[in-house]
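Raw query_34.cif, mmCIF, C-alpha atoms and all ligand atoms:
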data_run
#
loop_
_atom_site.label_atom_id
_atom_site.label_comp_id
_atom_site.auth_asym_id
_atom_site.auth_seq_id
_atom_site.Cartn_x
_atom_site.Cartn_y
_atom_site.Cartn_z
CA MET A 997 -12.32 62.63 -103.00
CA THR A 998 -10.56 62.20 -106.34
CA TYR A 999 -9.36 58.71 -107.25
CA VAL A 1000 -7.14 58.18 -110.28
CA GLU A 1001 -5.50 55.06 -111.68
CA LEU A 1002 -2.31 55.70 -113.64
CA LEU A 1003 -1.39 51.98 -113.77
CA THR A 1004 -3.04 48.93 -115.28
CA GLU A 1005 -0.68 46.41 -113.61
CA PRO A 1006 -0.48 44.69 -111.20
CA ARG A 1007 -4.09 43.63 -110.83
CA LEU A 1008 -6.14 42.26 -107.97
CA ASP A 1009 -5.76 38.73 -109.30
CA ASP A 1010 -4.68 35.35 -107.85
CA ALA A 1011 -1.00 36.27 -107.96
CA TYR A 1012 -1.72 39.41 -105.96
CA TYR A 1013 -3.31 37.45 -103.12
CA HIS A 1014 -0.94 34.47 -103.19
CA SER A 1015 2.39 36.25 -102.94
CA ALA A 1016 3.76 38.19 -100.01
CA ASN A 1017 3.33 41.92 -100.40
CA ALA A 1018 5.39 44.66 -98.71
CA SER A 1019 2.38 46.66 -97.61
CA ARG A 1020 0.53 43.70 -96.10
CA VAL A 1021 3.58 42.19 -94.38
CA TYR A 1022 4.13 45.58 -92.75
CA GLY A 1023 0.45 45.51 -91.81
CA CYS A 1024 0.90 42.10 -90.12
CA PHE A 1025 3.39 43.74 -87.75
CA LEU A 1026 0.95 46.58 -87.04
CA GLY A 1027 -1.89 44.19 -86.22
CA ASP A 1028 -3.86 44.57 -89.46
CA SER A 1029 -6.35 41.94 -90.53
CA GLN A 1030 -5.85 42.69 -94.24
CA ASN A 1031 -3.32 39.96 -95.01
CA TYR A 1032 -3.11 36.46 -96.48
CA PRO A 1033 -1.14 33.26 -95.74
CA ALA A 1034 1.86 34.28 -97.88
CA ASP A 1035 2.10 37.60 -95.99
CA ARG A 1036 1.83 35.91 -92.61
CA GLU A 1037 4.50 33.35 -93.53
CA ALA A 1038 6.88 36.11 -94.60
CA ALA A 1039 6.15 38.03 -91.39
CA ARG A 1040 6.73 34.94 -89.22
CA ALA A 1041 10.01 34.16 -91.01
CA ALA A 1042 11.15 37.79 -90.57
CA LEU A 1043 10.34 37.68 -86.86
CA ALA A 1044 12.33 34.47 -86.48
CA VAL A 1045 15.55 36.12 -87.72
CA ALA A 1046 14.93 39.63 -86.38
CA PRO A 1047 12.69 39.53 -83.28
CA TRP A 1048 12.56 43.36 -83.16
CA VAL A 1049 11.05 43.66 -86.64
CA GLN A 1050 7.53 44.20 -85.31
CA GLN A 1051 8.87 46.91 -83.03
CA SER A 1052 10.60 48.59 -85.97
CA ALA A 1053 7.32 48.68 -87.91
CA ARG A 1054 5.61 50.34 -84.94
CA ILE A 1055 8.49 52.80 -84.57
CA ASN A 1056 8.26 53.64 -88.25
CA ARG A 1057 4.51 54.18 -88.09
CA ALA A 1058 4.80 56.34 -84.96
CA PHE A 1059 7.42 58.48 -86.72
CA GLN A 1060 5.07 59.03 -89.67
CA VAL A 1061 2.23 60.21 -87.44
CA GLN A 1062 4.47 62.48 -85.34
CA SER A 1063 5.99 63.88 -88.51
CA TYR A 1064 2.58 64.70 -90.00
CA THR A 1065 1.90 66.83 -86.92
CA TRP A 1066 5.42 68.32 -86.99
CA ALA A 1067 5.00 69.34 -90.65
CA ARG A 1068 1.52 70.77 -90.07
CA ASP A 1069 2.84 72.83 -87.17
CA THR A 1070 5.49 74.44 -89.39
CA GLY A 1071 2.63 76.01 -91.38
CA VAL A 1072 2.83 73.84 -94.51
CA ARG A 1073 -0.65 73.42 -95.90
CA GLN A 1074 -0.40 70.73 -98.60
CA PHE A 1075 0.80 67.15 -98.22
CA LEU A 1076 1.97 64.26 -100.37
CA ASP A 1077 2.30 60.74 -98.98
CA LEU A 1078 4.31 58.59 -101.41
CA GLY A 1079 4.04 54.83 -100.89
CA CYS A 1080 1.41 55.68 -98.30
CA GLY A 1081 0.49 52.02 -97.69
CA TRP A 1082 -2.63 50.59 -96.13
CA PRO A 1083 -4.56 53.19 -94.10
CA HIS A 1084 -3.25 52.64 -90.57
CA HIS A 1085 -5.12 55.30 -88.62
CA PRO A 1086 -4.29 57.96 -87.81
CA VAL A 1087 -3.37 58.76 -91.41
CA LEU A 1088 -2.60 62.26 -92.68
CA TYR A 1089 -6.29 62.83 -93.31
CA ASP A 1090 -7.02 62.34 -89.57
CA VAL A 1091 -4.07 64.40 -88.30
CA LEU A 1092 -4.98 67.32 -90.55
CA ASP A 1093 -8.63 67.07 -89.60
CA ARG A 1094 -9.50 66.97 -93.35
CA LYS A 1095 -8.63 70.65 -93.62
CA PHE A 1096 -5.76 70.64 -96.13
CA PRO A 1097 -5.10 69.01 -99.50
CA VAL A 1098 -3.52 65.56 -99.23
CA VAL A 1099 -2.40 63.36 -102.11
CA TYR A 1100 -1.83 59.68 -101.36
CA VAL A 1101 0.16 57.65 -103.90
CA ASP A 1102 0.78 53.92 -103.92
CA HIS A 1103 1.26 51.35 -106.68
CA ASP A 1104 -0.56 48.61 -104.79
CA PRO A 1105 -4.13 48.22 -106.14
CA GLY A 1106 -5.40 46.84 -102.81
CA VAL A 1107 -4.02 49.84 -100.93
CA THR A 1108 -5.50 52.47 -103.21
CA ALA A 1109 -8.86 50.69 -103.48
CA HIS A 1110 -9.05 50.62 -99.72
CA LEU A 1111 -7.98 54.25 -99.32
CA SER A 1112 -10.54 55.39 -101.86
CA THR A 1113 -13.38 53.92 -99.83
CA GLU A 1114 -12.09 54.74 -96.35
CA LEU A 1115 -11.24 58.37 -97.08
CA ASP A 1116 -14.24 59.02 -99.23
CA GLN A 1117 -15.60 61.94 -97.27
CA GLY A 1118 -12.68 64.30 -97.77
CA ASP A 1119 -13.02 66.81 -100.63
CA ALA A 1120 -9.37 67.73 -100.23
CA THR A 1121 -8.22 64.13 -100.67
CA THR A 1122 -6.69 62.72 -103.83
CA VAL A 1123 -5.70 59.06 -104.15
CA ILE A 1124 -3.49 58.12 -107.09
CA ARG A 1125 -2.44 54.62 -108.01
CA ALA A 1126 0.94 55.17 -109.60
CA ASP A 1127 4.49 53.96 -109.56
CA ILE A 1128 6.68 56.61 -107.97
CA MET A 1129 9.64 55.25 -109.96
CA PRO A 1130 9.82 57.07 -112.33
CA THR A 1131 8.41 60.24 -110.85
CA ALA A 1132 7.39 62.00 -114.08
CA SER A 1133 4.26 59.88 -114.61
CA PHE A 1134 2.54 61.06 -111.46
CA LEU A 1135 4.21 64.41 -110.68
CA THR A 1136 3.03 65.86 -113.98
CA SER A 1137 -0.35 64.10 -113.98
CA ALA A 1138 -3.53 66.17 -114.09
CA PRO A 1139 -4.73 65.21 -110.57
CA MET A 1140 -1.37 66.21 -109.08
CA ARG A 1141 -1.42 69.54 -110.89
CA THR A 1142 -4.93 70.16 -109.60
CA ALA A 1143 -4.22 69.13 -106.01
CA ILE A 1144 -0.77 70.66 -105.39
CA ASP A 1145 -0.02 74.35 -105.84
CA LEU A 1146 3.63 74.62 -106.86
CA ASP A 1147 3.78 78.22 -105.67
CA ARG A 1148 3.59 77.00 -102.07
CA PRO A 1149 5.63 74.51 -100.04
CA VAL A 1150 4.49 70.93 -99.79
CA ALA A 1151 5.34 68.29 -97.19
CA VAL A 1152 6.40 65.01 -98.82
CA PHE A 1153 6.57 61.73 -96.88
CA LEU A 1154 8.43 58.62 -98.00
CA GLY A 1155 7.99 56.21 -95.11
CA ASP A 1156 9.76 52.87 -95.59
CA VAL A 1157 9.25 52.97 -99.37
CA LEU A 1158 12.71 53.36 -100.91
CA PRO A 1159 14.25 50.16 -99.38
CA TRP A 1160 11.81 48.17 -101.52
CA TRP A 1161 13.73 49.48 -104.55
CA PRO A 1162 17.09 47.71 -104.72
CA ASP A 1163 18.19 49.53 -107.89
CA ASP A 1164 20.20 52.55 -106.73
CA THR A 1165 20.17 54.24 -110.13
CA VAL A 1166 16.37 54.24 -110.26
CA VAL A 1167 16.05 55.53 -106.69
CA TRP A 1168 18.65 58.27 -107.10
CA GLN A 1169 17.06 59.47 -110.35
CA ALA A 1170 13.56 59.49 -108.82
CA MET A 1171 14.74 61.41 -105.74
CA SER A 1172 16.60 63.96 -107.82
CA GLU A 1173 13.45 64.62 -109.90
CA LEU A 1174 11.27 64.76 -106.81
CA ARG A 1175 13.53 67.29 -105.05
CA ALA A 1176 13.67 69.42 -108.21
CA TRP A 1177 9.86 69.41 -108.44
CA MET A 1178 9.35 70.46 -104.79
CA PRO A 1179 8.83 74.21 -104.26
CA ALA A 1180 11.26 76.12 -102.01
CA GLY A 1181 10.50 75.71 -98.32
CA SER A 1182 9.05 72.23 -98.86
CA ILE A 1183 9.58 69.46 -96.33
CA LEU A 1184 10.97 66.02 -97.16
CA ALA A 1185 10.54 63.25 -94.55
CA ILE A 1186 12.15 59.87 -95.23
CA THR A 1187 12.59 56.65 -93.26
CA HIS A 1188 14.88 53.98 -94.67
CA LEU A 1189 15.92 50.50 -93.51
CA SER A 1190 19.63 50.24 -92.67
CA ALA A 1191 22.00 47.50 -91.57
CA ASP A 1192 24.22 50.01 -89.75
CA PHE A 1193 22.83 49.20 -86.27
CA ALA A 1194 22.72 45.38 -86.57
CA PRO A 1195 24.62 44.30 -89.71
CA SER A 1196 24.29 40.52 -89.55
CA THR A 1197 20.65 40.48 -88.41
CA VAL A 1198 19.52 42.95 -91.06
CA ALA A 1199 21.42 40.98 -93.73
CA ALA A 1200 19.58 37.84 -92.57
CA LEU A 1201 16.29 39.76 -92.64
CA ALA A 1202 16.87 40.91 -96.24
CA SER A 1203 17.71 37.30 -97.28
CA THR A 1204 14.57 36.03 -95.57
CA TYR A 1205 12.39 38.57 -97.37
CA ALA A 1206 14.07 37.63 -100.66
CA GLU A 1207 13.16 33.96 -100.03
CA HIS A 1208 9.54 35.15 -99.78
CA GLY A 1209 9.74 37.11 -103.03
CA LEU A 1210 10.31 40.52 -101.45
CA ALA A 1211 13.41 42.36 -102.65
CA VAL A 1212 14.60 44.84 -100.05
CA ARG A 1213 17.79 46.88 -99.89
CA PRO A 1214 19.04 48.27 -96.57
CA ARG A 1215 21.26 51.30 -97.21
CA PRO A 1216 24.04 52.79 -95.08
CA CYS A 1217 23.61 56.17 -93.39
CA GLU A 1218 25.76 58.04 -95.90
CA GLU A 1219 23.67 56.80 -98.85
CA ILE A 1220 20.41 57.64 -97.07
CA ALA A 1221 21.81 61.13 -96.41
CA GLU A 1222 22.24 61.59 -100.17
CA LEU A 1223 18.50 61.06 -100.72
CA PHE A 1224 17.96 64.53 -99.18
CA GLY A 1225 20.32 66.33 -101.60
CA ASP A 1226 21.16 69.78 -100.27
CA PHE A 1227 17.98 70.12 -98.19
CA ALA A 1228 18.57 71.41 -94.63
CA HIS A 1229 18.10 68.78 -91.93
CA GLN A 1230 15.80 69.70 -89.06
CA GLY A 1231 15.61 68.51 -85.44
CA PRO A 1232 18.32 66.01 -84.52
CA GLY A 1233 19.21 65.36 -88.19
CA LEU A 1234 19.43 61.90 -89.68
CA CYS A 1235 19.18 59.40 -86.81
CA ALA A 1236 17.58 56.11 -85.71
CA THR A 1237 13.86 56.51 -86.49
CA GLY A 1238 12.69 56.15 -82.89
CA ARG A 1239 14.95 58.98 -81.77
CA TRP A 1240 13.97 61.71 -84.22
CA HIS A 1241 11.06 62.89 -82.09
CA PRO A 1242 12.62 63.02 -78.58
CA GLU A 1243 9.20 63.16 -76.91
CA GLY A 1244 8.06 60.06 -78.81
CA PRO A 1245 7.29 56.69 -77.20
CA TYR A 1246 10.34 55.00 -78.72
CA ALA A 1247 13.02 57.63 -78.09
CA ARG A 1248 14.82 55.48 -75.52
CA ARG A 1249 14.69 52.21 -77.44
CA PRO A 1250 17.95 50.78 -78.79
CA ALA A 1251 18.74 52.06 -82.30
CA GLU A 1252 18.72 48.41 -83.43
CA HIS A 1253 14.94 48.30 -82.85
CA SER A 1254 14.47 51.11 -85.37
CA ALA A 1255 16.71 49.31 -87.88
CA ALA A 1256 16.28 52.43 -89.98
CA PHE A 1257 17.27 56.06 -90.28
CA ALA A 1258 14.80 58.93 -90.34
CA GLY A 1259 15.31 62.47 -91.49
CA ILE A 1260 13.21 65.56 -92.08
CA ALA A 1261 14.75 68.27 -94.24
CA VAL A 1262 13.63 71.53 -95.84
CA LYS A 1263 14.36 72.72 -99.38
CA PRO A 1264 16.39 75.93 -99.28
CA THR A 1265 14.45 79.01 -100.28
CA ASP A 1266 17.05 80.25 -102.75
CA LYS A 1267 17.03 76.95 -104.66
CA ARG A 1268 13.55 76.90 -106.11
CA ARG A 1269 13.13 73.82 -108.31
CA SER A 1270 16.79 72.92 -108.34
CA ALA A 1271 18.10 69.80 -106.68
C1 LIG A 1301 6.11 49.33 -95.82
S1 LIG A 1301 4.84 50.22 -96.59
C2 LIG A 1301 5.00 51.81 -95.77
C3 LIG A 1301 3.68 52.53 -95.61
C4 LIG A 1301 3.74 53.94 -95.05
N1 LIG A 1301 4.52 54.81 -95.89
C5 LIG A 1301 4.29 53.98 -93.64
O1 LIG A 1301 5.46 54.39 -93.48
O2 LIG A 1301 3.58 53.63 -92.71
C6 LIG A 1301 5.60 50.59 -98.17
C7 LIG A 1301 4.58 51.04 -99.21
O3 LIG A 1301 5.29 51.56 -100.35
C8 LIG A 1301 4.58 51.18 -101.52
N2 LIG A 1301 5.51 51.25 -102.66
C9 LIG A 1301 6.69 50.62 -102.78
N3 LIG A 1301 7.27 50.96 -103.95
C10 LIG A 1301 6.43 51.83 -104.58
C11 LIG A 1301 6.47 52.50 -105.84
N4 LIG A 1301 7.47 52.37 -106.69
N5 LIG A 1301 5.45 53.30 -106.18
C12 LIG A 1301 4.40 53.45 -105.33
N6 LIG A 1301 4.29 52.83 -104.13
C13 LIG A 1301 5.30 52.02 -103.76
C14 LIG A 1301 4.10 49.76 -101.20
O4 LIG A 1301 3.01 49.37 -102.01
C15 LIG A 1301 3.71 49.91 -99.73
O5 LIG A 1301 2.36 50.26 -99.60
#

Would you mind writing the file out in structure tokens?
Ligand SMILES: C[S@@+](CC[C@H](N)C(=O)[O-])C[C@H]1O[C@@H](n2cnc3c(N)ncnc32)[C@H](O)[C@@H]1O
Amino acid sequence: MTYVELLTEPRLDDAYYHSANASRVYGCFLGDSQNYPADREAARAALAVAPWVQQSARINRAFQVQSYTWARDTGVRQFLDLGCGWPHHPVLYDVLDRKFPVVYVDHDPGVTAHLSTELDQGDATTVIRADIMPTASFLTSAPMRTAIDLDRPVAVFLGDVLPWWPDDTVVWQAMSELRAWMPAGSILAITHLSADFAPSTVAALASTYAEHGLAVRPRPCEEIAELFGDFAHQGPGLCATGRWHPEGPYARRPAEHSAAFAGIAVKPTDKRRSA
């Protein structure tokens, strides 16, 4: 396993453990033990305003795992998990049976430290601590250039990462650069919080997170659609996360429980490195 730090901040200091953290709050909903009082308070407050929020975390996680398998079955043989979060097994590494190169990127020092020990046996595994906004710092980094062959398609996952970036300009720029970098035939899978299914509850949820120091921005369907550029949507297209995989355990749940849209799209073959 290769482990690279491209960031010096934030550190694993007091502030890190005493403030709520997106990755750990999400982990509270998935039953993780890696969380602290500030995370649990934020999770409890979120549940009080949006009782389905735990369900939506589970729906999101199930979508990621099903999408890893879906992407593998298309024949793609290299994978990039951006904002991969705490290792909630099965992770890509498990689904791919350690056979194909996987790069995990997260800016959270606790997440990457944990990944680097848990996934230590995989030669094909690269863990990078980096900020994916902006993209240039990690896309052009030496470990990325070693791990990912830009002459072949790559499957890129952005599960519940972009809502934690309220600044549209930053997100749009990062996505444009990412799509341009992806080789033709590559797969882009995104899930994104939205208020479209339950406007007042999701607005209350965002305010509650803000009170706990977590800035989150739900986006409407049409803005989430723009994150995919001109990539060709697969399956049912952009829809409530639980419904993308019709055979999945959450396909019949109300869209409100997903509280997010999911899409999987492929970069056109005649548009190599253009977005
Ligand atoms: C809610 S978790 C989602 C984890 C995983 N992708 C999933 O869907 O199960 C969001 C993750 O995105 C990471 N993240 C948010 N913004 C990021 C950024 N700019 N650069 C790198 N990681 C980021 C957080 O640290 C966190 O681990």

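Proximity to ligand LIG 1301 (chain A) was assessed for A:Val1087, A:Ile1128, A:Leu1111, A:Leu1002 counting only C-alpha atoms and all ligand atoms; the smallest distance is recorded for A:Ile1128.
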
Could you list the protein, DNA and RNA residues that have any atom within 7 Å of ligand LIG 1301 (chain A), counting only C-alpha atoms and all ligand atoms, and write them as a PDB file with C-alpha atoms, in the frame of the given file?
ATOM      1  CA  ALA A1018       5.390  44.660 -98.710  1.00  0.00           C
ATOM      2  CA  SER A1019       2.380  46.660 -97.610  1.00  0.00           C
ATOM      3  CA  TYR A1022       4.130  45.580 -92.750  1.00  0.00           C
ATOM      4  CA  ASN A1056       8.260  53.640 -88.250  1.00  0.00           C
ATOM      5  CA  ARG A1057       4.510  54.180 -88.090  1.00  0.00           C
ATOM      6  CA  GLN A1060       5.070  59.030 -89.670  1.00  0.00           C
ATOM      7  CA  LEU A1078       4.310  58.590-101.410  1.00  0.00           C
ATOM      8  CA  GLY A1079       4.040  54.830-100.890  1.00  0.00           C
ATOM      9  CA  CYS A1080       1.410  55.680 -98.300  1.00  0.00           C
ATOM     10  CA  GLY A1081       0.490  52.020 -97.690  1.00  0.00           C
ATOM     11  CA  TRP A1082      -2.630  50.590 -96.130  1.00  0.00           C
ATOM     12  CA  VAL A1101       0.160  57.650-103.900  1.00  0.00           C
ATOM     13  CA  ASP A1102       0.780  53.920-103.920  1.00  0.00           C
ATOM     14  CA  HIS A1103       1.260  51.350-106.680  1.00  0.00           C
ATOM     15  CA  ASP A1104      -0.560  48.610-104.790  1.00  0.00           C
ATOM     16  CA  VAL A1107      -4.020  49.840-100.930  1.00  0.00           C
ATOM     17  CA  ALA A1126       0.940  55.170-109.600  1.00  0.00           C
ATOM     18  CA  ASP A1127       4.490  53.960-109.560  1.00  0.00           C
ATOM     19  CA  ILE A1128       6.680  56.610-107.970  1.00  0.00           C
ATOM     20  CA  MET A1129       9.640  55.250-109.960  1.00  0.00           C
ATOM     21  CA  LEU A1154       8.430  58.620 -98.000  1.00  0.00           C
ATOM     22  CA  GLY A1155       7.990  56.210 -95.110  1.00  0.00           C
ATOM     23  CA  ASP A1156       9.760  52.870 -95.590  1.00  0.00           C
ATOM     24  CA  VAL A1157       9.250  52.970 -99.370  1.00  0.00           C
ATOM     25  CA  LEU A1158      12.710  53.360-100.910  1.00  0.00           C
ATOM     26  CA  TRP A1160      11.810  48.170-101.520  1.00  0.00           C
ATOM     27  CA  TRP A1161      13.730  49.480-104.550  1.00  0.00           C
TER      28      TRP A1161
END

**Report entry** Contacts of A:Gly1118 within 12 Å, only C-alpha atoms, excl. fewer than 4 positions in-chain, as a PyMOL selection string
**Finding:** chain A and resi 997-999+1088-1090+1092-1099+1111-1114+1122-1123

Counting all atoms listed in the file, which residues in stretch 1142-1241 of chain A sit no more than 8 Å from stretch 1245-1253 of chain A? For each one, give the nearest pair of atoms and the distance in Å, sorted by chain then residue number, as JSON lines.
{"residue": "A:Phe1193", "atom": "CA", "partner": "A:Glu1252", "partner_atom": "CA", "distance": 5.1}
{"residue": "A:Ala1194", "atom": "CA", "partner": "A:Glu1252", "partner_atom": "CA", "distance": 5.9}
{"residue": "A:Ala1236", "atom": "CA", "partner": "A:Ala1251", "partner_atom": "CA", "distance": 5.4}
{"residue": "A:Thr1237", "atom": "CA", "partner": "A:Ala1251", "partner_atom": "CA", "distance": 7.8}
{"residue": "A:Gly1238", "atom": "CA", "partner": "A:Tyr1246", "partner_atom": "CA", "distance": 4.9}
{"residue": "A:Arg1239", "atom": "CA", "partner": "A:Ala1247", "partner_atom": "CA", "distance": 4.4}
{"residue": "A:Trp1240", "atom": "CA", "partner": "A:Ala1247", "partner_atom": "CA", "distance": 7.4}
{"residue": "A:His1241", "atom": "CA", "partner": "A:Ala1247", "partner_atom": "CA", "distance": 6.9}

**Report entry** A:Pro1105 surroundings by only C-alpha atoms, 10 Å radius, close-in-sequence under 4 positions cut, as an MDAnalysis selection string
**Finding:** chainID A and resid 1001 1003:1008 1012 1109:1111 1124:1126

Query raised in the report: Do you know which residues are at most 6 Å from A:Lys1263 counting all atoms listed in the file, after dropping those on the same chain fewer than 3 positions away, and could you put them as a VMD selection string?
Result: chain A and resid 1180 to 1182 1227

Let me see the file: selected residues, C-alpha atoms, as a PDB file, in the coordinates of the input.
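This went into selection01.pdb:
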ATOM      1  CA  ALA A1180      11.260  76.120-102.010  1.00  0.00           C
ATOM      2  CA  GLY A1181      10.500  75.710 -98.320  1.00  0.00           C
ATOM      3  CA  SER A1182       9.050  72.230 -98.860  1.00  0.00           C
ATOM      4  CA  PHE A1227      17.980  70.120 -98.190  1.00  0.00           C
TER       5      PHE A1227
END

Query raised in the report: So which residues fall inside 12 Å of (-1.6, 39.9, -93.5) if we count all atoms listed in the file? Mind giving them as a list of chain:residue names?
Result: A:Tyr1013, A:His1014, A:Ser1015, A:Ala1016, A:Asn1017, A:Ala1018, A:Ser1019, A:Arg1020, A:Val1021, A:Tyr1022, A:Gly1023, A:Cys1024, A:Phe1025, A:Leu1026, A:Gly1027, A:Asp1028, A:Ser1029, A:Gln1030, A:Asn1031, A:Tyr1032, A:Pro1033, A:Ala1034, A:Asp1035, A:Arg1036, A:Glu1037, A:Ala1038, A:Ala1039, A:Arg1040, A:Trp1082

Requested in this report: Just give me the gap between atom CA of A:Ser1052 and atom CA of A:Ser1254 in Å, one decimal is fine.
Outcome: 4.7 Å

Report task. Please indicate the distance in Å from atom CA of A:Thr1108 to atom CA of A:Leu1174, rounded to one decimal place. Result -> 21.1 Å
